[in-house]
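Q: Could you have a look at this structure, given as C-alpha cells, before my questions?
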Amino acid sequence: MSDVWEECMDHGVAAARKAGEVVREALKHEGCMSVMLKSSPADLVTETDQKVESMIMSSIKEKFPTHSFIGEESVAAGESSILTDNPTWIIDPIDGTTNFVHRFPFVAVSIGFAVKKELEFGVVYSCMEDKMYTARKGKGAFCNGVQLKVSGQEDITKSLIITELGSNRNPDTVKRVLANMDRLLCVPVHGIRAVGTAAVNMCLVATGGADAYYEIGIHCWDMAAAAVIVTEAGGVVMDVTGGPFDLMSRRLITASSRAIGERIAKELQAFPCERDDGKKDD
C-alpha cells in the first residue's frame with residue numbers, strides 16, 4: 001500500500017519550491033510592489049502573498065480535492081481557521097512579508113499538514129537562502145537533505161534565543177513584549193535575535209543555530225510546519241506557560257531542551273490575544 005501522506009508531502013515540497021521561485025522573481029522588480037495593510041500599520045500584505053497562496057492551494061486542490069485548507073490570506077479575506085479531523089493544509093505563502101517588502105533576505109513559504117488535528121509533516125522553504133526544511137512525524141527533520149539536530153543546550157545562561165517584536169503597535173502590548181525580553185536578557189542569556197519570520201526562527205532552533213524561540217501573537221500558519229521540523233530534530237514545542245503546545249493558541253516556546261523551554265516559560269508573562277479558532281481560553 002502506498003504511503004498517501006508521503007505523496008502529500010512530496011507535493012507540498014514541489015509546491016513550496018515553485019512558490020519560492022515566484023517570490024524570488026517578484027523581488028527582482030523594484031518599485032512594482034503593491035503593499036496593503038491588515039490588522040495594523042505594521043501588518044503588511046502584498047499581491048505576491050495572495051498570488052502565491054492561490055497558486056499553492058489550486059495545485060493541492062487539483063491533486064487532493066477532498067482536503068481542507070487554512071491559509072493566511074484566505075483567513076484575512078474572511079475564511080475560518082477551524083481545524084477539523086479532515087486532512088488539512090495550513091499555509092503561509094510568505095512568512096516574513098515585512099522582510100519581503102524591504103528586501104530583507106529572510107522570507108519563507110510555510111506548508112504544514114495535519115490529520116485528525118495532529119501535525120503530520122511540515123515544509124518550510126527559505127526562498128532567498130534556497131534552504132528547503134522538511135520533516136515527517138517519526139522520520140526526522142532535514143535541510144536540503146541533510147538531517148537536522150538541535151543543540152541540546154540545557155543551560156539557559158549559555159543560550160541564544162530568538163523572538164520577534166510582532167506587528168501589534170498597541171503601547172501596552174509593546175511594553176509587555178519588551179518586558180519579556182528584558183527579563184530574559186537579565187537571566188542572563190548570551191543574546192536575543194529577531195530574523196523576521198517565525199518559520200525560519202523555528203528552523204534555526206532545529207539546526208542548532210539557536211537554542212530557543214518564543215513568541216506571543218503569531219498564528220497557526222506561522223507555526224504548523226516548523227513545529228514538526230523542530231520536534232523531529234529533537235527539540236520541544238510547548239505553550240508559553242510551559243504547558244502543552246496548542247496550535248490555535250497564537251503562542252509558543254520551541255527549544256533545544258525541555259529545561260530551557262521551561263526556564264523561558266518561568267520568565268515570560270503571557271498576555272491575551274484572540275485564538276485563531278475563535279474559542280475562549282479557559
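Letters for chains follow the order of the C-alpha cells (A, B, ...), residue numbers begin at 1 for each chain, and ligand numbers begin at 1 in the order shown.
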Would you tabulate, counting only C-alpha atoms, all residues of region 121-204 of chain A that have an atom at most 7 Å from an atom of region 102-106 of chain A, showing the closest pair of atoms and their distance in Å to one decimal, sorted by chain then ascending number, as a tab-separated table?

A:
```
residue	atom	partner	partner_atom	distance
A:Ser126	CA	A:Phe106	CA	6.7
A:Met128	CA	A:Pro105	CA	5.8
A:Val195	CA	A:Phe106	CA	6.9
A:Thr197	CA	A:Phe106	CA	7.0
```

Q: Could those residues be written to a file, using all heavy atoms, as a compact mmCIF listing (two decimals), in the first residue's frame?

A:
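Once written, again_34.txt looks like this:
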```txt
# COMPACT_ATOMS: atom_id res chain seq x y z
N SER A 126 13.00 28.46 2.78
CA SER A 126 13.58 29.79 2.93
C SER A 126 14.10 30.22 1.56
O SER A 126 15.17 29.79 1.12
CB SER A 126 14.71 29.75 3.97
OG SER A 126 15.23 31.04 4.18
N MET A 128 15.20 32.97 -0.22
CA MET A 128 16.41 33.68 -0.60
C MET A 128 17.67 32.88 -0.26
O MET A 128 18.71 33.03 -0.91
CB MET A 128 16.45 35.05 0.09
CG MET A 128 15.22 35.90 -0.15
SD MET A 128 14.82 36.03 -1.91
CE MET A 128 16.22 36.97 -2.51
N VAL A 195 14.79 37.46 13.40
CA VAL A 195 15.04 37.27 11.97
C VAL A 195 13.88 37.81 11.12
O VAL A 195 14.07 38.19 9.98
CB VAL A 195 15.31 35.78 11.67
CG1 VAL A 195 15.48 35.51 10.19
CG2 VAL A 195 16.56 35.30 12.42
N THR A 197 10.84 36.09 10.57
CA THR A 197 9.92 35.05 10.10
C THR A 197 9.88 33.92 11.12
O THR A 197 10.92 33.32 11.43
CB THR A 197 10.30 34.50 8.70
OG1 THR A 197 10.01 33.09 8.63
CG2 THR A 197 11.76 34.71 8.36
```

Q: Which residues are near region 231-243 of chain A? Cut-off 8 Å, only C-alpha atoms, ignore same chain within fewer than 4 positions. Put them as a ChimeraX atom specification.

A: /A:135-141,147-150,152,205-207,214,216,227,251-258,261-262,264-266,268,270

Q: Do you know which residues are at most 12 Å from Cys127 (chain A) counting only C-alpha atoms, after dropping those on the same chain fewer than 4 positions away, and could you put them as a PyMOL selection string?

A: chain A and resi 16-27+93-96+99-100+103-110+131-133+197+199-200

Q: Restricting the output to C-alpha atoms, write the selected residues as a tab-separated table (two decimals), in the first residue's frame.

A:
```
chain	number	residue	atom	x	y	z
A	16	ALA	CA	6.82	25.32	-1.90
A	17	ARG	CA	9.74	25.31	-4.34
A	18	LYS	CA	7.57	26.68	-7.15
A	19	ALA	CA	6.16	29.34	-4.80
A	20	GLY	CA	9.71	30.30	-3.83
A	21	GLU	CA	10.55	30.92	-7.47
A	22	VAL	CA	7.61	33.33	-7.71
A	23	VAL	CA	8.76	35.13	-4.56
A	24	ARG	CA	12.32	35.48	-5.83
A	25	GLU	CA	11.09	36.76	-9.20
A	26	ALA	CA	8.88	39.36	-7.50
A	27	LEU	CA	11.88	40.64	-5.54
A	93	PRO	CA	2.51	31.87	1.43
A	94	ILE	CA	5.09	34.43	2.53
A	95	ASP	CA	6.19	34.18	6.14
A	96	GLY	CA	8.11	37.40	6.64
A	99	ASN	CA	11.11	41.34	5.21
A	100	PHE	CA	9.83	40.74	1.67
A	103	ARG	CA	14.01	43.01	0.65
A	104	PHE	CA	15.50	41.82	3.94
A	105	PRO	CA	16.68	38.36	2.88
A	106	PHE	CA	14.71	36.05	5.16
A	107	VAL	CA	11.41	35.08	3.58
A	108	ALA	CA	9.80	31.64	3.73
A	109	VAL	CA	6.97	29.60	2.26
A	110	SER	CA	5.46	27.50	5.05
A	131	LYS	CA	17.04	26.14	2.04
A	132	MET	CA	14.30	23.52	2.00
A	133	TYR	CA	13.42	22.36	5.51
A	197	THR	CA	9.92	35.05	10.10
A	199	ALA	CA	9.03	29.60	10.44
A	200	VAL	CA	12.73	30.34	9.86
```

Q: Taking into account only C-alpha atoms, which residue in the set A:Thr134, A:Asp43, A:Cys220, A:Ala212 is nearest to Lys158 (chain A)?

A: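 Of the candidates, the smallest distance to Lys158 (chain A) is held by A:Ala212.
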
Q: With only C-alpha atoms as the counted atoms, please give the residues lying no more than 12 Å from Ser34 (chain A), apart from itself and same-chain residues fewer than 2 positions off, as a ChimeraX atom specification.

A: /A:26-27,29-32,36-37,44-50,97,100-101

Q: What is the distance, in Å and to one decimal place, between CA of Glu53 (chain A) and CA of Phe113 (chain A)?

A: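 Spanning CA of Glu53 (chain A) to CA of Phe113 (chain A) is a straight-line distance of 14.9 Å.
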
Q: Go through A:Gln153, A:Thr84, A:Ser68, A:Ser39 one by one, measure the shortest atom-to-atom distance of each to Lys116 (chain A) using only C-alpha atoms, and give the residue with the smallest value.

A: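 Closest to Lys116 (chain A) of all the choices is A:Thr84.
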
Q: Counting only C-alpha atoms, which residue out of A:Met248, A:Met223, A:Cys273, A:Leu83 sits closest to Val123 (chain A)?

A: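 Smallest separation from Val123 (chain A) among the options: A:Met223.
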